[in-house]
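Novice: Mind having a look at this structure? Questions to follow.
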Amino acid sequence: MELPQLEHTRLRRHDSAASVPQFCNSPTMIVMVGLPARGKTYISKKLTRYLNWIGVPTKMFNVGQYRREAVKIYKNFEFFKPDNEEAMKIRKACAAAALKDVALYFTKEQGQVAVFDATNTTRERRAIILSFAMEMGYKVFFVESICDDPEIIAENIRQVKFGSPDYADRDIDEAMEDFTQRIDCYRASYMPIDDEKDRKLSYIKIFDVGSRYLVNRVQDHIQSRIVYYLMNIHVTPRSIYLSRHGESELNLLGRIGGDTGLSPRGQKYASALATFIKGQKIIDLKVWTSHMKRTVQTAEALGVQYEQWKALNEIDAGVCEELTYEEIQENFPEEFALRDQDKYRYRYPKGESYEDLVHRLEPVIMELERQENVLVICHQAVMRCLLAYFLDKPADELPYLRCPLHTVLKLTPIAYGCKVESFFLNIEAVNTHRERPLNVNITRNPEEALQTVPDHI
Amino acid sequence: MPRELTQNRIQKIWVPTKDDRRRAGGAPHFANPPTVIVMVGLPARGKTYMSRKLTRYLNWIGMPTKVFNVGEYRREAVKNYSSYDFFKPDNECAVKIRQQCALAALRDVRSYLKDEGGQVAVFDATNTTRERRDMILKFGEENDFKIFFIESVCDDPSVIASNIMEVKVSCPDYRDCNKTEAMLDFQKRIECYKKSYQPLDPDQYDRDLSFIKVIDVGRRFLVNRIQDHIQSKIVYYLMNIHVQPRTIYLCRHGESTDNLKGRVGGDAGLSPHGKQFSSALARFVEEQQLKDLKVWTSQLCRSIQTAEHLGVPYEQWKALNEIDAGVCEEMTYDEVKEKFPEEFALRDEDKYYYRYPAGESYQDLVQRVEPVIMELERQENVLVICHQAVMRCLLAYFLDKSADEMPYLKCPLHTVLKLTPVAYGCKVESISLNVEAVNTHRERPEEVKRGPGTLIRRNSVTPLTSPESNIKKPRIDDLDEAPIQELPPSVSALALCSPSHIPLTLPGQNLMSSPGCHDILQPCQ
């Protein structure tokens with residue numbers, strides 16, 4: 001039987017053209033469980049960010065936000081009293097509305113995972129969710145956060161509750177008092193997931209911010225990844241520094257890829273980086289580089305131990321390695337245009353795509369989550385991927401994030417996100433950032449293609 | 001002044017010139033203090049199964065690991081096992097011997113981790129009492145080893161019985177018994193341990209320890225205080241493995257047009273013989289009558305084309321792509337020899353660590369392929385259609401082959417390897433689908449060309465177990481050497497054991513007498 005010749009399917013989008021098989025079949029609902037101020041929203045947001053970054057379309061549904069929509073002004077904790085029937089009706093309606101939106105997300109928006117962020121502290125509420133999911137054919141995975149350390153609770157309240165719209169015009173003590181009473185409203189009716197009664201459910205219980213976990217009946221690949229991720233994250237304050245290698249000889253020539261050493265200005269940057277790092281007075285800083293000469297040389301200037309990761313190597317430009325953009329336009333004009341059409345998914349012939357990079361970098365992200373203070377000396381495309389993870393940038397923005405040479409980005413987790421500080425270390429370098437040109441058609445002429453190429457020798 | 005960098009010739013890793021010969025890993029080396037993994041659980045709970053599997057996995061990802069099975073030390077010390085009476089808690093002499101065996105094993109652990117370059121030691125014994133575990137914790141503290149416990153808890157009688165049938169009934173202890181006798185004796189052996197069993201207590205006594213409790217063969221896990229990267233990976237691995245019977249089929253794509261020309265790498269399509277193989281593969285798969293077979297390919301044309309012939313859905317993994325030969329892509333070996341003679345020689349020198357310029361090494365491949373292995377562990381029946389070097393990596397994982405052997409494993413075209421987990425290892429059947437193909441294997445004797453016969457040859461290979469550990473005899477005559485822990489004075493009042501206390505329950509069998517039972521060791525299970 002003669003089969004049709006298989007075209008290279010790099011650019012045709014099938015489900016299986018991503019670098020890693022998509023292992024989700026039925027959509028999955030992740031259902032958070034726990035008293036207020038136990039980190040449910042923190043976990044929900046982080047998990048959502050991670051899953052989206054690895055290519056699993058995920059969305060968070062925070063029932064509190066639905067409530068704020070329904071009840072424009074929050075008065076005080078009395079809203080949450082179990083005997084407040086009026087409020088109970090509203091809260092139930094909000095949960096139902098959120099579930100409806102979950103269904104819409106799965107059916108109309110091709111979502112794969114929905115994170116249902118609410119207290120879900122009663123068996124009754126969880127039963128409603130389970131029967132909804134069963135009816136619709138969704139898998140359910142519970143994430144329960146259990147914590148009784150008053151210091152941690154107080155810190156959580158300080159970090160995120162004071163900034164909440166509910167407490168916009170209260171002072172700190174009032175807010176703290178009110179919130180504490182709010183928690184008490186839930187406490188009486190809180191029924192944690194029961195290891196006996198709920199033994200058929202799939203769940204993870206997180207105790208004391210990750211000191212202990214109880215995992216029950218992981219059903220599939222995505223749940224296994226979620227559990228692994230949750231077991232690796234922590235909340236200890238720390239900073240992650242991202243930087244590219246110092247300017248390289250090929251950078252000066254406007255050539256991409258390759259494995260050259262630093263230019264004289266690049267060497268200067270390496271020394272400046274050493275000074276900067278010392279000035280930051282970081283305890284126990286880990287330094288990571290790629291296997292490429294230019295990052296290793298940069299790290300050498302620091303005079304401290306560093307670890308090399310092949311996974312941090314720059315994107316492989318395949319047949320375009322060491323070419324200038326002008327040469328790419330000349331030799332591969334169609335490829336050049338295709339790349340501009342979909343820079344995230346575009347794979348260089350015999351090379352990689354940003355999408356491939358993300359999968360290559362996932363173990364780095366996982367280890368970054370485990371670590372505390374780390375300086376990562378890497379490359380433009382790699383840094384864009386890492387930055388997109390920390391700043392929750394979607395795939396279409398990722399390949400255009402600005403990561404100039406000789407600039408250190410300091411990322412510090414705060415509240416639900418990440419603070420970014422940018423430090424240009426005052427050593428001149430070429431610009432290597434190429435914006436998306438206006439015309440991305442394969443019929444465009446060379447000037448249009450090269451419109452946004454930065455200057456070089 | 002920053003140090004001069006050189007790219008080391010085999011691995012192509014940039015290192016300070018003075019450090020040239022250092023052998024670096026593809027990823028950072030994350031285990032700093034060595035780790036002792038301590039198994040905990042009643043007999044027949046899968047401790048040895050997990051020990052071996054974990055050891056195989058850790059070694060494969062490049063973490064030198066070794067199992068120390070105290071039962072093996074005991075079999076060395078006590079040549080003939082008579083019956084479960086040996087395990088009775090009141091059998092003082094046996095208790096002493098067992099204690100000595102544990103201590104000898106710990107001594108070997110120490111020497112493996114301190115002097116032999118080991119990173120992880122798996123201490124495989126019941127370790128069911130707090131006393132024993134406290135002793136091990138102290139040992140860890142004294143030597144700066146991290147301790148991580150893996151407890152297996154299971155009370156399902158059918159699982160236990162099945163375990164006993166799989167691995168105990170055929171173990172050396174029962175070589176002269178029939179299955180029923182063995183089963184009965186073993187169950188009584190388990191009873192001996194039950195009374196003194198103190199499971200890990202996460203709420204009180206053991207709340208500061210690092211451990212994972214595996215409950216009911218992986219239905220549930222309790223994980224406490226993971227300290228570092230390697231413990232996190234171990235937990236992830238344990239949570240992904242299962243014991244459902246299943247089969248993994250490994251094969252390469254059908255012969256490609258590049259194969260015919262003797263070119264490496266590239267992205268060519270199938271040759272006519274390759275297409276023939278694909279059809280034969282489709283027939284073979286149908287014959288196997290598997291339920292729910294998953295089919296995985298790489299993202300290279302030849303692998304996908306092969307799968308297309310099966311007419312079933314398949315998943316593509318970029319991670320299964322063939323090793324990147326960098327500057328040597330699409331060359332024949334002769335061309336490589338001609339253009340890059342030094343590289344050619346270096347590769348033969350150290351084929352596992354050798355990285356093609358601008359390409360990859362087998363070591364890189366292992367890292368790349370690791371997520372595939374993890375998912376293979378989760379899955380049940382899978383057919384993986386990949387490439388020579390990749391298949392060698394996967395095979396080395398399943399068959400516990402060392403880095404040294406991996407690049408030379410035989411993975412010929414048009415041959416399916418059928419892997420079935422059995423006991424502690426993996427049964428391999430090599431099935432040639434009888435379609436001609438070129439030989440792409442270097443440095444081995446030329447394979448005999450297959451004739452056009454219609455029979456499919458099957459070669460079964462006996463179950464493979466982990467390499468035999470070098471069991472040093474428990475040094476019972478070395479009791480003058482200071483024991484690992486100080487003895488409390490009250491214990492010294494115990495009577496010395498004498499051979500007459502050793503029960504002789506079966507005729508013709510005699511336990512080795514213990515001439516040197518001088519020192520009193522703390523009574524412990």
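If you're wondering about the labels, chains in the structure tokens are A, B, ... by order shown, residues count from 1 in each chain, ligands from 1 in order shown.
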For chain B against chain A, which residues fall within 8 Å using only C-alpha atoms, given as number ranges by chain?

Specialist: B: 1-3, 5, 13-14, 26-29, 218-226, 228-229, 232, 236, 239-240, 299, 301, 305, 315-319, 375, 378

Novice: Among the residues of range 165-256 of chain A, find those DSSP assigns to alpha helix (DSSP H) from the backbone and print them as an NGL selection string.

Specialist: :A and (172-187 or 221-232 or 249-252)

Novice: Looking only at strand (DSSP E or B) from DSSP on the backbone, list the matching residues of range 169-303 of chain A as a ChimeraX atom specification.

Specialist: /A:203-207,212-216,240-244,248,255,262,286-289

Novice: Near Val209 in chain A, counting only C-alpha atoms, which residues have an atom at most 8 Å away, once you skip same-chain residues fewer than 4 positions from it, shown as a list in words?

Specialist: Ser145, Ile146, Cys147, His234 and Val235 of chain A

Novice: For range 177-179 of chain B, work out the shell of residues within 12 Å, counting only C-alpha atoms and skipping chain neighbours fewer than 4 positions away, then give it as a list of chain:residue names.

Specialist: B:Tyr81, B:Ser82, B:Ser83, B:Ala161, B:Ile164, B:Met165, B:Glu166, B:Val167, B:Lys168, B:Val169, B:Ser170, B:Cys171, B:Pro172, B:Asp173, B:Met183, B:Leu184, B:Asp185, B:Phe186, B:Leu506

Novice: Any idea what the distance is between CA of Gln119 in chain B and CA of Met63 in chain B?

Specialist: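 Taking CA of Gln119 in chain B as the start and CA of Met63 in chain B as the end point, the length is 6.3 Å.
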
Novice: Just the number, please: distance in Å from CA of Trp296 in chain B to CA of Arg355 in chain B, one decimal.

Specialist: 26.1 Å

Novice: Give me, as a list in words, all polymer residues having an atom no more than 9 Å from Leu106 in chain B, counting only C-alpha atoms and skipping those fewer than 3 positions away in the same chain.

Specialist: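 Using only C-alpha atoms, the neighbours found are Phe68, Cys101, Ala102, Leu103, Val109, Arg110, Ser111, Phe123, Ile136, Phe139 and Ile484 of chain B.
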
Novice: Identify, on the basis of only C-alpha atoms, every residue whose closest approach to range 384-387 of chain A does not exceed 12 Å; exclude the query and any residue fewer than 6 positions from it along the same chain; express the result as a ChimeraX atom specification.

Specialist: /A:49-50,53-54,240-244,311-312,314-315,344,353-366,368-369,376-378,393-404,408-411,418-420,433

Novice: Would you save the residues of that selection, restricted to N, CA and C atoms, as a compact mmCIF listing (two decimals), in the first residue's frame?

Specialist:
# COMPACT_ATOMS: atom_id res chain seq x y z
N ARG A 49 -0.50 29.56 36.22
CA ARG A 49 0.62 30.14 35.48
C ARG A 49 1.53 29.05 34.94
N TYR A 50 1.86 28.06 35.78
CA TYR A 50 2.74 26.97 35.39
C TYR A 50 2.13 26.13 34.27
N TRP A 53 2.09 27.89 31.00
CA TRP A 53 3.44 27.99 30.45
C TRP A 53 3.87 26.69 29.78
N ILE A 54 3.55 25.52 30.40
CA ILE A 54 3.94 24.27 29.76
C ILE A 54 2.98 23.87 28.65
N ILE A 240 15.41 35.84 42.32
CA ILE A 240 16.00 35.18 41.16
C ILE A 240 16.52 36.27 40.24
N TYR A 241 17.79 36.15 39.88
CA TYR A 241 18.41 37.11 38.98
C TYR A 241 18.57 36.46 37.61
N LEU A 242 18.06 37.14 36.58
CA LEU A 242 18.22 36.62 35.22
C LEU A 242 19.10 37.59 34.44
N SER A 243 20.05 37.03 33.72
CA SER A 243 20.90 37.88 32.90
C SER A 243 21.36 37.09 31.69
N ARG A 244 21.66 37.80 30.61
CA ARG A 244 22.29 37.11 29.49
C ARG A 244 23.79 37.12 29.73
N ALA A 311 20.46 22.37 29.35
CA ALA A 311 19.09 22.82 29.08
C ALA A 311 19.00 24.35 28.94
N LEU A 312 20.03 25.07 29.43
CA LEU A 312 20.00 26.53 29.31
C LEU A 312 20.65 27.03 28.02
N GLU A 314 21.28 28.25 24.24
CA GLU A 314 20.41 29.08 23.41
C GLU A 314 19.63 28.21 22.42
N ILE A 315 18.53 28.77 21.94
CA ILE A 315 17.69 28.08 20.96
C ILE A 315 18.55 27.65 19.77
N TYR A 344 6.46 31.87 18.06
CA TYR A 344 6.48 30.93 19.18
C TYR A 344 6.58 29.49 18.71
N SER A 353 12.13 25.41 18.22
CA SER A 353 11.18 26.51 18.32
C SER A 353 11.16 26.99 19.77
N TYR A 354 10.53 28.13 20.01
CA TYR A 354 10.33 28.58 21.39
C TYR A 354 9.54 27.54 22.17
N GLU A 355 8.61 26.94 21.50
CA GLU A 355 7.79 25.92 22.15
C GLU A 355 8.66 24.76 22.62
N ASP A 356 9.62 24.37 21.77
CA ASP A 356 10.55 23.31 22.15
C ASP A 356 11.38 23.76 23.35
N LEU A 357 11.78 25.03 23.32
CA LEU A 357 12.59 25.59 24.40
C LEU A 357 11.89 25.47 25.74
N VAL A 358 10.60 25.81 25.73
CA VAL A 358 9.84 25.74 26.98
C VAL A 358 9.91 24.34 27.56
N HIS A 359 9.77 23.35 26.73
CA HIS A 359 9.81 21.99 27.25
C HIS A 359 11.19 21.60 27.72
N ARG A 360 12.17 22.11 27.04
CA ARG A 360 13.54 21.85 27.42
C ARG A 360 13.84 22.49 28.77
N LEU A 361 13.24 23.65 29.01
CA LEU A 361 13.53 24.42 30.22
C LEU A 361 12.71 24.01 31.43
N GLU A 362 11.75 23.16 31.23
CA GLU A 362 10.87 22.85 32.36
C GLU A 362 11.61 22.31 33.59
N PRO A 363 12.57 21.42 33.43
CA PRO A 363 13.31 20.98 34.61
C PRO A 363 14.08 22.12 35.29
N VAL A 364 14.48 23.12 34.51
CA VAL A 364 15.16 24.27 35.10
C VAL A 364 14.19 25.05 35.97
N ILE A 365 12.99 25.26 35.44
CA ILE A 365 11.96 25.97 36.21
C ILE A 365 11.64 25.20 37.49
N MET A 366 11.52 23.89 37.37
CA MET A 366 11.19 23.08 38.54
C MET A 366 12.27 23.23 39.60
N LEU A 368 14.34 25.76 39.83
CA LEU A 368 14.30 27.15 40.31
C LEU A 368 13.26 27.29 41.40
N GLU A 369 12.17 26.59 41.26
CA GLU A 369 11.13 26.64 42.30
C GLU A 369 11.65 26.07 43.61
N VAL A 376 20.81 33.22 37.11
CA VAL A 376 20.85 32.40 35.90
C VAL A 376 21.46 33.23 34.78
N ILE A 377 22.61 32.78 34.28
CA ILE A 377 23.28 33.49 33.17
C ILE A 377 22.99 32.70 31.91
N CYS A 378 22.13 33.26 31.05
CA CYS A 378 21.72 32.46 29.90
C CYS A 378 21.72 33.28 28.62
N LYS A 393 3.49 35.64 31.01
CA LYS A 393 3.28 36.20 29.68
C LYS A 393 2.82 35.08 28.74
N PRO A 394 1.83 35.34 27.90
CA PRO A 394 1.34 34.28 27.02
C PRO A 394 2.29 34.01 25.86
N ALA A 395 2.03 32.91 25.16
CA ALA A 395 2.91 32.45 24.08
C ALA A 395 3.14 33.49 23.00
N ASP A 396 2.13 34.30 22.70
CA ASP A 396 2.37 35.22 21.59
C ASP A 396 3.24 36.42 21.99
N GLU A 397 3.32 36.70 23.29
CA GLU A 397 4.19 37.80 23.72
C GLU A 397 5.60 37.33 24.00
N LEU A 398 5.71 36.07 24.40
CA LEU A 398 6.99 35.52 24.86
C LEU A 398 8.17 35.82 23.94
N PRO A 399 8.05 35.55 22.63
CA PRO A 399 9.25 35.72 21.78
C PRO A 399 9.63 37.18 21.56
N TYR A 400 8.83 38.10 22.06
CA TYR A 400 9.13 39.53 21.86
C TYR A 400 9.44 40.24 23.16
N LEU A 401 9.59 39.50 24.26
CA LEU A 401 9.95 40.14 25.53
C LEU A 401 11.34 40.76 25.39
N ARG A 402 11.51 41.88 26.04
CA ARG A 402 12.80 42.56 25.94
C ARG A 402 13.79 42.03 26.94
N CYS A 403 14.87 41.45 26.43
CA CYS A 403 15.95 40.96 27.30
C CYS A 403 17.27 41.46 26.73
N PRO A 404 17.55 42.74 26.96
CA PRO A 404 18.76 43.29 26.35
C PRO A 404 20.03 42.77 27.03
N VAL A 408 20.54 43.13 34.14
CA VAL A 408 20.13 42.07 35.06
C VAL A 408 18.69 42.31 35.47
N LEU A 409 17.88 41.28 35.41
CA LEU A 409 16.51 41.40 35.92
C LEU A 409 16.43 40.69 37.26
N LYS A 410 15.97 41.43 38.27
CA LYS A 410 15.84 40.83 39.60
C LYS A 410 14.37 40.57 39.86
N LEU A 411 14.03 39.32 40.08
CA LEU A 411 12.63 38.93 40.31
C LEU A 411 12.44 38.54 41.77
N CYS A 418 5.08 38.65 40.96
CA CYS A 418 6.52 38.79 40.97
C CYS A 418 6.90 40.23 40.71
N LYS A 419 7.72 40.78 41.58
CA LYS A 419 8.22 42.13 41.34
C LYS A 419 9.44 42.03 40.45
N VAL A 420 9.55 42.91 39.45
CA VAL A 420 10.73 42.90 38.57
C VAL A 420 11.49 44.19 38.71
N HIS A 433 17.54 42.84 19.78
CA HIS A 433 16.09 42.63 19.78
C HIS A 433 15.50 42.97 18.43

Novice: For Val285 in chain B, find every residue with an atom within 10 Å (counting only C-alpha atoms), except residues of its own chain fewer than 5 positions away, and show them as a list in words.

Specialist: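 The neighbour list is Tyr249, Ser279, Ala280, Leu290, Leu293, Leu310 and Leu383 of chain B.
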
Novice: Put those residues in a file: C-alpha atoms, as a PDB file, in the first residue's frame.

Specialist:
ATOM      1  CA  TYR B 249       7.511  -2.801  22.745  1.00  0.00           C
ATOM      2  CA  SER B 279       3.361  -3.360   7.201  1.00  0.00           C
ATOM      3  CA  ALA B 280       4.867  -6.340   9.006  1.00  0.00           C
ATOM      4  CA  LEU B 290      -3.329  -5.996  23.106  1.00  0.00           C
ATOM      5  CA  LEU B 293      -1.934  -0.033  22.978  1.00  0.00           C
ATOM      6  CA  LEU B 310      -0.339   0.871  11.768  1.00  0.00           C
ATOM      7  CA  LEU B 383       4.877   0.624  21.432  1.00  0.00           C
TER       8      LEU B 383
END
